[in-house]
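Structure file upload-v5.cif with mmCIF, N, CA and C atoms:
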data_query
#
loop_
_atom_site.label_atom_id
_atom_site.label_comp_id
_atom_site.auth_asym_id
_atom_site.auth_seq_id
_atom_site.Cartn_x
_atom_site.Cartn_y
_atom_site.Cartn_z
N MET A 1 33.78 42.78 9.12
CA MET A 1 35.13 42.25 9.07
C MET A 1 35.20 41.26 7.93
N ARG A 2 36.16 41.47 7.08
CA ARG A 2 36.37 40.58 5.94
C ARG A 2 37.49 39.62 6.25
N LEU A 3 37.21 38.34 6.00
CA LEU A 3 38.23 37.32 6.23
C LEU A 3 38.87 36.94 4.90
N SER A 4 40.13 36.65 4.96
CA SER A 4 40.82 36.21 3.75
C SER A 4 40.58 34.72 3.54
N HIS A 5 40.89 34.29 2.37
CA HIS A 5 40.71 32.86 2.05
C HIS A 5 41.55 31.97 2.94
N THR A 6 42.72 32.39 3.30
CA THR A 6 43.58 31.56 4.15
C THR A 6 43.00 31.43 5.55
N ARG A 7 42.45 32.53 6.06
CA ARG A 7 41.85 32.45 7.40
C ARG A 7 40.60 31.56 7.39
N ILE A 8 39.80 31.66 6.34
CA ILE A 8 38.60 30.81 6.23
C ILE A 8 39.03 29.35 6.15
N ALA A 9 40.05 29.07 5.36
CA ALA A 9 40.54 27.70 5.22
C ALA A 9 41.10 27.18 6.55
N ALA A 10 41.81 28.03 7.28
CA ALA A 10 42.38 27.62 8.56
C ALA A 10 41.29 27.33 9.57
N ARG A 11 40.31 28.19 9.65
CA ARG A 11 39.21 27.96 10.60
C ARG A 11 38.41 26.70 10.23
N SER A 12 38.19 26.49 8.95
CA SER A 12 37.48 25.28 8.51
C SER A 12 38.26 24.03 8.87
N ALA A 13 39.59 24.08 8.71
CA ALA A 13 40.42 22.94 9.06
C ALA A 13 40.36 22.65 10.55
N ILE A 14 40.35 23.70 11.37
CA ILE A 14 40.28 23.52 12.83
C ILE A 14 38.94 22.88 13.21
N LEU A 15 37.86 23.40 12.64
CA LEU A 15 36.53 22.84 12.93
C LEU A 15 36.43 21.37 12.47
N LEU A 16 36.99 21.10 11.32
CA LEU A 16 36.97 19.73 10.81
C LEU A 16 37.78 18.79 11.70
N ALA A 17 38.94 19.25 12.16
CA ALA A 17 39.77 18.43 13.05
C ALA A 17 39.06 18.18 14.38
N ALA A 18 38.37 19.19 14.90
CA ALA A 18 37.64 19.02 16.16
C ALA A 18 36.51 18.00 15.99
N ALA A 19 35.81 18.07 14.86
CA ALA A 19 34.73 17.10 14.61
C ALA A 19 35.28 15.70 14.47
N CYS A 20 36.42 15.57 13.80
CA CYS A 20 37.02 14.23 13.64
C CYS A 20 37.46 13.67 14.98
N LEU A 21 37.99 14.51 15.86
CA LEU A 21 38.40 14.03 17.18
C LEU A 21 37.18 13.54 17.97
N GLN A 22 36.06 14.25 17.87
CA GLN A 22 34.86 13.81 18.56
C GLN A 22 34.36 12.48 17.98
N TRP A 23 34.37 12.35 16.64
CA TRP A 23 33.94 11.09 16.02
C TRP A 23 34.86 9.96 16.43
N ASP A 24 36.15 10.25 16.55
CA ASP A 24 37.10 9.22 16.97
C ASP A 24 36.80 8.76 18.39
N ALA A 25 36.47 9.71 19.25
CA ALA A 25 36.14 9.36 20.63
C ALA A 25 34.85 8.54 20.68
N LEU A 26 33.86 8.93 19.88
CA LEU A 26 32.60 8.17 19.83
C LEU A 26 32.81 6.78 19.26
N ALA A 27 33.66 6.68 18.25
CA ALA A 27 33.91 5.38 17.65
C ALA A 27 34.63 4.46 18.62
N ALA A 28 35.58 5.01 19.38
CA ALA A 28 36.29 4.19 20.36
C ALA A 28 35.35 3.75 21.47
N GLU A 29 34.43 4.64 21.84
CA GLU A 29 33.47 4.29 22.89
C GLU A 29 32.49 3.24 22.38
N GLY A 30 32.06 3.38 21.12
CA GLY A 30 31.10 2.43 20.54
C GLY A 30 31.70 1.08 20.25
N SER A 31 32.98 1.04 20.01
CA SER A 31 33.62 -0.24 19.71
C SER A 31 34.17 -0.89 20.97
N SER A 32 33.60 -0.52 22.10
CA SER A 32 34.11 -1.06 23.36
C SER A 32 33.74 -2.52 23.55
N GLY A 33 32.96 -3.06 22.67
CA GLY A 33 32.65 -4.47 22.76
C GLY A 33 31.18 -4.75 22.59
N THR A 34 30.86 -5.98 22.85
CA THR A 34 29.49 -6.44 22.77
C THR A 34 29.01 -6.74 24.17
N TRP A 35 27.79 -6.35 24.45
CA TRP A 35 27.20 -6.53 25.76
C TRP A 35 26.04 -7.51 25.68
N ARG A 36 25.98 -8.37 26.70
CA ARG A 36 24.84 -9.28 26.80
C ARG A 36 23.91 -8.74 27.86
N CYS A 37 22.69 -8.45 27.43
CA CYS A 37 21.67 -7.91 28.33
C CYS A 37 20.52 -8.91 28.38
N GLY A 38 20.53 -9.80 29.33
CA GLY A 38 19.51 -10.84 29.40
C GLY A 38 19.71 -11.84 28.28
N ASN A 39 18.72 -11.96 27.40
CA ASN A 39 18.82 -12.89 26.27
C ASN A 39 19.13 -12.19 24.96
N SER A 40 19.48 -10.91 25.01
CA SER A 40 19.80 -10.19 23.79
C SER A 40 21.22 -9.63 23.85
N TYR A 41 21.74 -9.28 22.69
CA TYR A 41 23.08 -8.73 22.58
C TYR A 41 22.98 -7.33 22.00
N THR A 42 23.85 -6.43 22.48
CA THR A 42 23.84 -5.05 22.00
C THR A 42 25.26 -4.51 22.01
N ASP A 43 25.44 -3.37 21.32
CA ASP A 43 26.76 -2.74 21.30
C ASP A 43 26.88 -1.65 22.35
N ARG A 44 25.86 -1.48 23.18
CA ARG A 44 25.88 -0.46 24.24
C ARG A 44 25.71 -1.13 25.59
N PRO A 45 26.35 -0.60 26.60
CA PRO A 45 26.19 -1.18 27.94
C PRO A 45 24.76 -1.01 28.43
N CYS A 46 24.32 -1.96 29.23
CA CYS A 46 22.98 -1.88 29.78
C CYS A 46 23.04 -2.28 31.25
N GLU A 47 21.97 -2.00 31.95
CA GLU A 47 21.93 -2.30 33.38
C GLU A 47 21.87 -3.82 33.58
N GLY A 48 22.77 -4.33 34.36
CA GLY A 48 22.81 -5.77 34.61
C GLY A 48 23.47 -6.56 33.48
N GLY A 49 24.01 -5.86 32.48
CA GLY A 49 24.64 -6.54 31.35
C GLY A 49 26.10 -6.80 31.61
N ARG A 50 26.68 -7.68 30.83
CA ARG A 50 28.11 -7.95 30.98
C ARG A 50 28.78 -7.86 29.62
N ALA A 51 29.99 -7.41 29.63
CA ALA A 51 30.76 -7.23 28.40
C ALA A 51 31.31 -8.57 27.94
N LEU A 52 31.24 -8.80 26.64
CA LEU A 52 31.76 -10.03 26.05
C LEU A 52 32.94 -9.68 25.16
N LYS A 53 33.93 -10.53 25.16
CA LYS A 53 35.10 -10.31 24.32
C LYS A 53 35.10 -11.35 23.21
N PHE A 54 35.21 -10.86 21.98
CA PHE A 54 35.26 -11.74 20.82
C PHE A 54 36.54 -11.48 20.07
N GLN A 55 37.08 -12.53 19.52
CA GLN A 55 38.26 -12.37 18.67
C GLN A 55 37.92 -12.92 17.30
N ASP A 56 38.20 -12.14 16.29
CA ASP A 56 37.95 -12.56 14.91
C ASP A 56 39.18 -13.32 14.45
N ALA A 57 39.05 -14.63 14.28
CA ALA A 57 40.19 -15.47 13.93
C ALA A 57 40.45 -15.48 12.42
N ARG A 58 39.66 -14.73 11.66
CA ARG A 58 39.84 -14.74 10.21
C ARG A 58 41.02 -13.84 9.82
N THR A 59 41.59 -14.18 8.69
CA THR A 59 42.66 -13.33 8.17
C THR A 59 42.02 -12.14 7.44
N ALA A 60 42.87 -11.19 7.08
CA ALA A 60 42.37 -10.00 6.38
C ALA A 60 41.77 -10.39 5.03
N ASP A 61 42.36 -11.35 4.34
CA ASP A 61 41.82 -11.81 3.06
C ASP A 61 40.45 -12.46 3.24
N GLN A 62 40.29 -13.23 4.29
CA GLN A 62 39.00 -13.88 4.53
C GLN A 62 37.92 -12.85 4.86
N ARG A 63 38.28 -11.83 5.62
CA ARG A 63 37.31 -10.78 5.93
C ARG A 63 36.91 -10.01 4.68
N ARG A 64 37.89 -9.70 3.83
CA ARG A 64 37.58 -9.00 2.57
C ARG A 64 36.68 -9.85 1.69
N GLU A 65 36.96 -11.15 1.63
CA GLU A 65 36.13 -12.06 0.81
C GLU A 65 34.71 -12.13 1.36
N ALA A 66 34.56 -12.19 2.68
CA ALA A 66 33.23 -12.23 3.29
C ALA A 66 32.48 -10.92 3.01
N ASP A 67 33.18 -9.79 3.11
CA ASP A 67 32.56 -8.50 2.82
C ASP A 67 32.14 -8.41 1.35
N ARG A 68 33.01 -8.91 0.46
CA ARG A 68 32.67 -8.89 -0.97
C ARG A 68 31.46 -9.76 -1.25
N THR A 69 31.38 -10.93 -0.63
CA THR A 69 30.23 -11.82 -0.82
C THR A 69 28.95 -11.17 -0.31
N THR A 70 29.03 -10.50 0.83
CA THR A 70 27.87 -9.81 1.38
C THR A 70 27.42 -8.68 0.45
N ARG A 71 28.39 -7.92 -0.06
CA ARG A 71 28.06 -6.84 -0.99
C ARG A 71 27.40 -7.37 -2.25
N ASP A 72 27.94 -8.47 -2.79
CA ASP A 72 27.37 -9.07 -4.00
C ASP A 72 25.94 -9.56 -3.74
N ALA A 73 25.72 -10.16 -2.59
CA ALA A 73 24.37 -10.65 -2.26
C ALA A 73 23.38 -9.49 -2.14
N ARG A 74 23.81 -8.39 -1.52
CA ARG A 74 22.92 -7.22 -1.41
C ARG A 74 22.62 -6.62 -2.77
N MET A 75 23.63 -6.54 -3.63
CA MET A 75 23.40 -6.00 -4.97
C MET A 75 22.44 -6.89 -5.75
N ALA A 76 22.60 -8.21 -5.64
CA ALA A 76 21.69 -9.13 -6.33
C ALA A 76 20.27 -9.00 -5.78
N ALA A 77 20.14 -8.86 -4.47
CA ALA A 77 18.81 -8.72 -3.87
C ALA A 77 18.16 -7.41 -4.33
N ASP A 78 18.92 -6.34 -4.39
CA ASP A 78 18.38 -5.06 -4.87
C ASP A 78 17.95 -5.16 -6.32
N ARG A 79 18.77 -5.82 -7.15
CA ARG A 79 18.43 -5.99 -8.56
C ARG A 79 17.14 -6.79 -8.72
N LEU A 80 17.02 -7.89 -7.95
CA LEU A 80 15.82 -8.71 -8.04
C LEU A 80 14.58 -7.95 -7.57
N GLU A 81 14.74 -7.11 -6.55
CA GLU A 81 13.60 -6.32 -6.08
C GLU A 81 13.16 -5.32 -7.15
N ARG A 82 14.13 -4.67 -7.80
CA ARG A 82 13.78 -3.73 -8.87
C ARG A 82 13.07 -4.44 -10.00
N GLU A 83 13.55 -5.64 -10.38
CA GLU A 83 12.90 -6.41 -11.44
C GLU A 83 11.47 -6.79 -11.05
N ARG A 84 11.29 -7.22 -9.79
CA ARG A 84 9.96 -7.62 -9.32
C ARG A 84 9.01 -6.43 -9.35
N LEU A 85 9.47 -5.28 -8.85
CA LEU A 85 8.62 -4.10 -8.85
C LEU A 85 8.26 -3.67 -10.27
N HIS A 86 9.22 -3.78 -11.19
CA HIS A 86 8.95 -3.44 -12.58
C HIS A 86 7.91 -4.39 -13.17
N LEU A 87 8.07 -5.69 -12.95
CA LEU A 87 7.11 -6.66 -13.48
C LEU A 87 5.72 -6.46 -12.87
N GLU A 88 5.66 -6.14 -11.60
CA GLU A 88 4.36 -5.90 -10.96
C GLU A 88 3.69 -4.67 -11.55
N SER A 89 4.46 -3.62 -11.80
CA SER A 89 3.85 -2.41 -12.35
C SER A 89 3.38 -2.65 -13.78
N VAL A 90 4.14 -3.43 -14.56
CA VAL A 90 3.73 -3.72 -15.94
C VAL A 90 2.48 -4.60 -15.95
N SER A 91 2.46 -5.61 -15.10
CA SER A 91 1.30 -6.51 -15.10
C SER A 91 0.08 -5.83 -14.50
N ALA A 92 0.26 -4.87 -13.61
CA ALA A 92 -0.88 -4.16 -13.04
C ALA A 92 -1.57 -3.31 -14.09
N ARG A 93 -0.82 -2.81 -15.04
CA ARG A 93 -1.42 -2.00 -16.11
C ARG A 93 -2.19 -2.85 -17.10
N ARG A 94 -1.81 -4.13 -17.25
CA ARG A 94 -2.44 -4.99 -18.25
C ARG A 94 -3.64 -5.75 -17.72
N GLN A 95 -3.74 -5.97 -16.44
CA GLN A 95 -4.78 -6.83 -15.90
C GLN A 95 -5.87 -6.01 -15.22
N ALA A 96 -7.00 -6.67 -15.03
CA ALA A 96 -8.11 -6.03 -14.33
C ALA A 96 -7.73 -5.80 -12.88
N SER A 97 -8.35 -4.80 -12.29
CA SER A 97 -8.02 -4.51 -10.90
C SER A 97 -8.86 -5.34 -9.94
N PHE A 98 -9.91 -6.00 -10.43
CA PHE A 98 -10.76 -6.83 -9.58
C PHE A 98 -10.62 -8.28 -10.01
N ILE A 99 -10.37 -9.13 -9.06
CA ILE A 99 -10.24 -10.55 -9.35
C ILE A 99 -11.38 -11.28 -8.67
N ASP A 100 -12.15 -12.02 -9.45
CA ASP A 100 -13.28 -12.77 -8.92
C ASP A 100 -12.79 -14.14 -8.50
N ASN A 101 -12.83 -14.42 -7.21
CA ASN A 101 -12.33 -15.70 -6.69
C ASN A 101 -13.44 -16.70 -6.43
N LYS A 102 -14.65 -16.42 -6.93
CA LYS A 102 -15.72 -17.38 -6.71
C LYS A 102 -15.43 -18.65 -7.49
N PRO A 103 -15.67 -19.82 -6.90
CA PRO A 103 -15.47 -21.04 -7.67
C PRO A 103 -16.51 -21.15 -8.77
N GLN A 104 -16.07 -21.58 -9.91
CA GLN A 104 -16.97 -21.73 -11.05
C GLN A 104 -17.72 -23.05 -10.94
N PRO A 105 -19.02 -23.09 -11.29
CA PRO A 105 -19.77 -24.34 -11.18
C PRO A 105 -19.30 -25.35 -12.23
N ARG A 106 -19.36 -26.58 -11.85
CA ARG A 106 -19.00 -27.65 -12.79
C ARG A 106 -20.19 -27.93 -13.68
N MET A 107 -19.93 -28.33 -14.88
CA MET A 107 -21.02 -28.58 -15.82
C MET A 107 -21.70 -29.93 -15.57
N ALA A 108 -20.97 -30.91 -15.04
CA ALA A 108 -21.52 -32.26 -14.89
C ALA A 108 -22.55 -32.32 -13.76
N THR A 109 -22.36 -31.58 -12.70
CA THR A 109 -23.27 -31.65 -11.56
C THR A 109 -24.06 -30.37 -11.47
N PRO A 110 -25.31 -30.45 -11.02
CA PRO A 110 -26.10 -29.23 -10.90
C PRO A 110 -25.55 -28.37 -9.76
N THR A 111 -25.69 -27.09 -9.90
CA THR A 111 -25.22 -26.19 -8.84
C THR A 111 -26.22 -26.18 -7.70
N HIS A 112 -25.84 -25.59 -6.63
CA HIS A 112 -26.69 -25.50 -5.44
C HIS A 112 -27.99 -24.77 -5.79
N ARG A 113 -27.87 -23.74 -6.57
CA ARG A 113 -29.05 -22.97 -6.94
C ARG A 113 -29.99 -23.80 -7.80
N ASP A 114 -29.45 -24.58 -8.76
CA ASP A 114 -30.29 -25.41 -9.61
C ASP A 114 -31.01 -26.48 -8.80
N ALA A 115 -30.33 -27.05 -7.82
CA ALA A 115 -30.94 -28.10 -7.02
C ALA A 115 -32.09 -27.52 -6.20
N ASN A 116 -31.92 -26.33 -5.66
CA ASN A 116 -33.00 -25.71 -4.90
C ASN A 116 -34.15 -25.30 -5.80
N ALA A 117 -33.86 -24.92 -7.02
CA ALA A 117 -34.92 -24.50 -7.93
C ALA A 117 -35.85 -25.66 -8.25
N VAL A 118 -35.33 -26.89 -8.30
CA VAL A 118 -36.17 -28.05 -8.59
C VAL A 118 -37.18 -28.24 -7.48
N TYR A 119 -36.76 -28.08 -6.24
CA TYR A 119 -37.66 -28.30 -5.11
C TYR A 119 -38.65 -27.15 -4.93
N LYS A 120 -38.30 -25.98 -5.37
CA LYS A 120 -39.15 -24.83 -5.16
C LYS A 120 -40.13 -24.60 -6.31
N MET A 121 -40.09 -25.43 -7.34
CA MET A 121 -41.00 -25.25 -8.47
C MET A 121 -42.43 -25.48 -8.01
N LYS A 122 -43.33 -24.67 -8.55
CA LYS A 122 -44.73 -24.85 -8.22
C LYS A 122 -45.27 -26.03 -9.01
N LYS A 123 -46.26 -26.70 -8.42
CA LYS A 123 -46.87 -27.84 -9.11
C LYS A 123 -47.74 -27.31 -10.23
N ARG A 124 -47.59 -27.93 -11.39
CA ARG A 124 -48.42 -27.56 -12.53
C ARG A 124 -49.76 -28.29 -12.42
N PRO A 125 -50.77 -27.70 -12.96
CA PRO A 125 -52.04 -28.43 -12.94
C PRO A 125 -51.93 -29.68 -13.82
N LYS A 126 -52.60 -30.73 -13.37
CA LYS A 126 -52.55 -31.98 -14.14
C LYS A 126 -53.33 -31.84 -15.43
N ASP A 127 -52.88 -32.59 -16.42
CA ASP A 127 -53.60 -32.60 -17.69
C ASP A 127 -54.97 -33.24 -17.47
N PRO A 128 -55.98 -32.73 -18.13
CA PRO A 128 -57.31 -33.35 -17.95
C PRO A 128 -57.32 -34.76 -18.52
N VAL A 129 -58.06 -35.61 -17.88
CA VAL A 129 -58.18 -36.99 -18.34
C VAL A 129 -59.45 -37.09 -19.17
N TYR A 130 -59.31 -37.55 -20.38
CA TYR A 130 -60.46 -37.71 -21.26
C TYR A 130 -60.94 -39.15 -21.13
N VAL A 131 -62.21 -39.29 -20.79
CA VAL A 131 -62.81 -40.61 -20.58
C VAL A 131 -63.95 -40.79 -21.59
N SER A 132 -64.00 -41.95 -22.11
CA SER A 132 -65.11 -42.23 -23.03
C SER A 132 -65.92 -43.42 -22.50
N ARG A 133 -67.13 -43.59 -23.02
CA ARG A 133 -67.97 -44.69 -22.56
C ARG A 133 -67.61 -45.99 -23.25
N GLN A 134 -66.78 -45.92 -24.21
CA GLN A 134 -66.44 -47.12 -24.97
C GLN A 134 -65.44 -47.95 -24.22
N ASP A 135 -65.52 -49.23 -24.45
CA ASP A 135 -64.54 -50.16 -23.92
C ASP A 135 -63.33 -50.09 -24.83
N PRO A 136 -62.13 -49.92 -24.29
CA PRO A 136 -60.96 -49.81 -25.16
C PRO A 136 -60.70 -51.09 -25.94
N ALA A 137 -61.19 -52.23 -25.48
CA ALA A 137 -60.95 -53.48 -26.19
C ALA A 137 -61.92 -53.65 -27.36
N SER A 138 -63.05 -53.02 -27.34
CA SER A 138 -64.01 -53.20 -28.42
C SER A 138 -63.63 -52.35 -29.62
N PRO A 139 -63.97 -52.82 -30.82
CA PRO A 139 -63.65 -52.05 -32.02
C PRO A 139 -64.49 -50.78 -32.06
N PRO A 140 -63.93 -49.71 -32.64
CA PRO A 140 -64.69 -48.46 -32.69
C PRO A 140 -65.94 -48.60 -33.57
N LYS A 141 -67.01 -47.93 -33.18
CA LYS A 141 -68.24 -47.97 -33.96
C LYS A 141 -68.09 -47.04 -35.14
N LYS A 142 -68.75 -47.44 -36.18
CA LYS A 142 -68.73 -46.61 -37.38
C LYS A 142 -69.78 -45.54 -37.21
N ARG A 143 -69.44 -44.37 -37.62
CA ARG A 143 -70.38 -43.27 -37.54
C ARG A 143 -71.32 -43.31 -38.73
N ALA A 144 -72.43 -42.97 -38.45
CA ALA A 144 -73.40 -42.89 -39.55
C ALA A 144 -73.23 -41.54 -40.20
N SER A 145 -73.44 -41.51 -41.42
CA SER A 145 -73.32 -40.25 -42.14
C SER A 145 -74.46 -39.33 -41.73
N ARG A 146 -74.36 -38.09 -41.96
CA ARG A 146 -75.36 -37.11 -41.59
C ARG A 146 -76.66 -37.29 -42.39
N SER A 147 -76.44 -37.54 -43.56
CA SER A 147 -77.65 -37.67 -44.37
C SER A 147 -78.49 -38.86 -43.92
N ALA A 148 -77.87 -39.91 -43.48
CA ALA A 148 -78.63 -41.09 -43.01
C ALA A 148 -79.25 -40.79 -41.65
N ALA A 149 -78.60 -39.97 -40.87
CA ALA A 149 -79.13 -39.67 -39.54
C ALA A 149 -80.30 -38.70 -39.63
N GLU A 150 -80.34 -37.89 -40.66
CA GLU A 150 -81.40 -36.93 -40.84
C GLU A 150 -82.68 -37.61 -41.29
N ASN A 151 -82.59 -38.68 -41.94
CA ASN A 151 -83.79 -39.37 -42.45
C ASN A 151 -84.47 -40.11 -41.40
#
Would you give me this structure, written as structure tokens?
Amino acid sequence: MRLSHTRIAARSAILLAAACLQWDALAAEGSSGTWRCGNSYTDRPCEGGRALKFQDARTADQRREADRTTRDARMAADRLERERLHLESVSARRQASFIDNKPQPRMATPTHRDANAVYKMKKRPKDPVYVSRQDPASPPKKRASRSAAEN
């Protein structure tokens, strides 16, 4: 069965109208108010909850201004997030992927390792002590030459 364009358009219009009527019913049901359920608030009824009635005392101009301010704030937040993500991606390409967070030793004071190394050093052997039979206060004796000692 072939349908003409007018019949297709008519059926589409009927389906669209039926969907809009359902959305209208859902919207009216959803806008039935605000419910308090214990210590929280929701837009749906809950067991043991009570309906609250609120009246918006703002004028239409004030509501439009508040909506515009909210929209501007969201746009600014989105822009700042995009800028931050861009800067992070650029800086991630330029910097190392590993960051060493160890504290650097100060030059004026020895490090913990240097201090332990001093205590763990092995004792060196003492230098030999050279002792002579001469009295340090007496003048040195003159050596006799070899030729005189041979005679």
Can you pull out the residues contacting region 34-41 of chain A? Cut-off 7 Å, using all atoms listed in the file, and skip same-chain residues under 2 positions away; I want them as a PDB file with N, CA and C atoms, in the coordinates of the input.
ATOM      1  N   SER A  31      32.980   1.040  20.010  1.00  0.00           N
ATOM      2  CA  SER A  31      33.620  -0.240  19.710  1.00  0.00           C
ATOM      3  C   SER A  31      34.170  -0.890  20.970  1.00  0.00           C
ATOM      4  N   SER A  32      33.600  -0.520  22.100  1.00  0.00           N
ATOM      5  CA  SER A  32      34.110  -1.060  23.360  1.00  0.00           C
ATOM      6  C   SER A  32      33.740  -2.520  23.550  1.00  0.00           C
ATOM      7  N   ASP A  43      25.440  -3.370  21.320  1.00  0.00           N
ATOM      8  CA  ASP A  43      26.760  -2.740  21.300  1.00  0.00           C
ATOM      9  C   ASP A  43      26.880  -1.650  22.350  1.00  0.00           C
ATOM     10  N   ARG A  44      25.860  -1.480  23.180  1.00  0.00           N
ATOM     11  CA  ARG A  44      25.880  -0.460  24.240  1.00  0.00           C
ATOM     12  C   ARG A  44      25.710  -1.130  25.590  1.00  0.00           C
ATOM     13  N   PRO A  45      26.350  -0.600  26.600  1.00  0.00           N
ATOM     14  CA  PRO A  45      26.190  -1.180  27.940  1.00  0.00           C
ATOM     15  C   PRO A  45      24.760  -1.010  28.430  1.00  0.00           C
ATOM     16  N   CYS A  46      24.320  -1.960  29.230  1.00  0.00           N
ATOM     17  CA  CYS A  46      22.980  -1.880  29.780  1.00  0.00           C
ATOM     18  C   CYS A  46      23.040  -2.280  31.250  1.00  0.00           C
ATOM     19  N   GLU A  47      21.970  -2.000  31.950  1.00  0.00           N
ATOM     20  CA  GLU A  47      21.930  -2.300  33.380  1.00  0.00           C
ATOM     21  C   GLU A  47      21.870  -3.820  33.580  1.00  0.00           C
ATOM     22  N   GLY A  48      22.770  -4.330  34.360  1.00  0.00           N
ATOM     23  CA  GLY A  48      22.810  -5.770  34.610  1.00  0.00           C
ATOM     24  C   GLY A  48      23.470  -6.560  33.480  1.00  0.00           C
ATOM     25  N   GLY A  49      24.010  -5.860  32.480  1.00  0.00           N
ATOM     26  CA  GLY A  49      24.640  -6.540  31.350  1.00  0.00           C
ATOM     27  C   GLY A  49      26.100  -6.800  31.610  1.00  0.00           C
ATOM     28  N   ARG A  50      26.680  -7.680  30.830  1.00  0.00           N
ATOM     29  CA  ARG A  50      28.110  -7.950  30.980  1.00  0.00           C
ATOM     30  C   ARG A  50      28.780  -7.860  29.620  1.00  0.00           C
ATOM     31  N   ALA A  51      29.990  -7.410  29.630  1.00  0.00           N
ATOM     32  CA  ALA A  51      30.760  -7.230  28.400  1.00  0.00           C
ATOM     33  C   ALA A  51      31.310  -8.570  27.940  1.00  0.00           C
ATOM     34  N   LEU A  52      31.240  -8.800  26.640  1.00  0.00           N
ATOM     35  CA  LEU A  52      31.760 -10.030  26.050  1.00  0.00           C
ATOM     36  C   LEU A  52      32.940  -9.680  25.160  1.00  0.00           C
ATOM     37  N   LYS A  53      33.930 -10.530  25.160  1.00  0.00           N
ATOM     38  CA  LYS A  53      35.100 -10.310  24.320  1.00  0.00           C
ATOM     39  C   LYS A  53      35.100 -11.350  23.210  1.00  0.00           C
ATOM     40  N   PHE A  54      35.210 -10.860  21.980  1.00  0.00           N
ATOM     41  CA  PHE A  54      35.260 -11.740  20.820  1.00  0.00           C
ATOM     42  C   PHE A  54      36.540 -11.480  20.070  1.00  0.00           C
TER      43      PHE A  54
END
Can you check which residues of region 3-86 of chain A DSSP gives as strand (DSSP E) on the backbone and send them as a PyMOL selection string? chain A and resi 34-37+40-42+50-52
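A straight line drawn from atom N of Arg68 (chain A) to atom C of Thr42 (chain A) is 23.3 Å long.
A straight line drawn from atom N of Gln62 (chain A) to atom N of Ala76 (chain A) is 20.9 Å long.
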Go ahead and compute the interatomic distance for atom N of Thr70 (chain A) and CA of His86 (chain A), in Å to one decimal. 25.2 Å
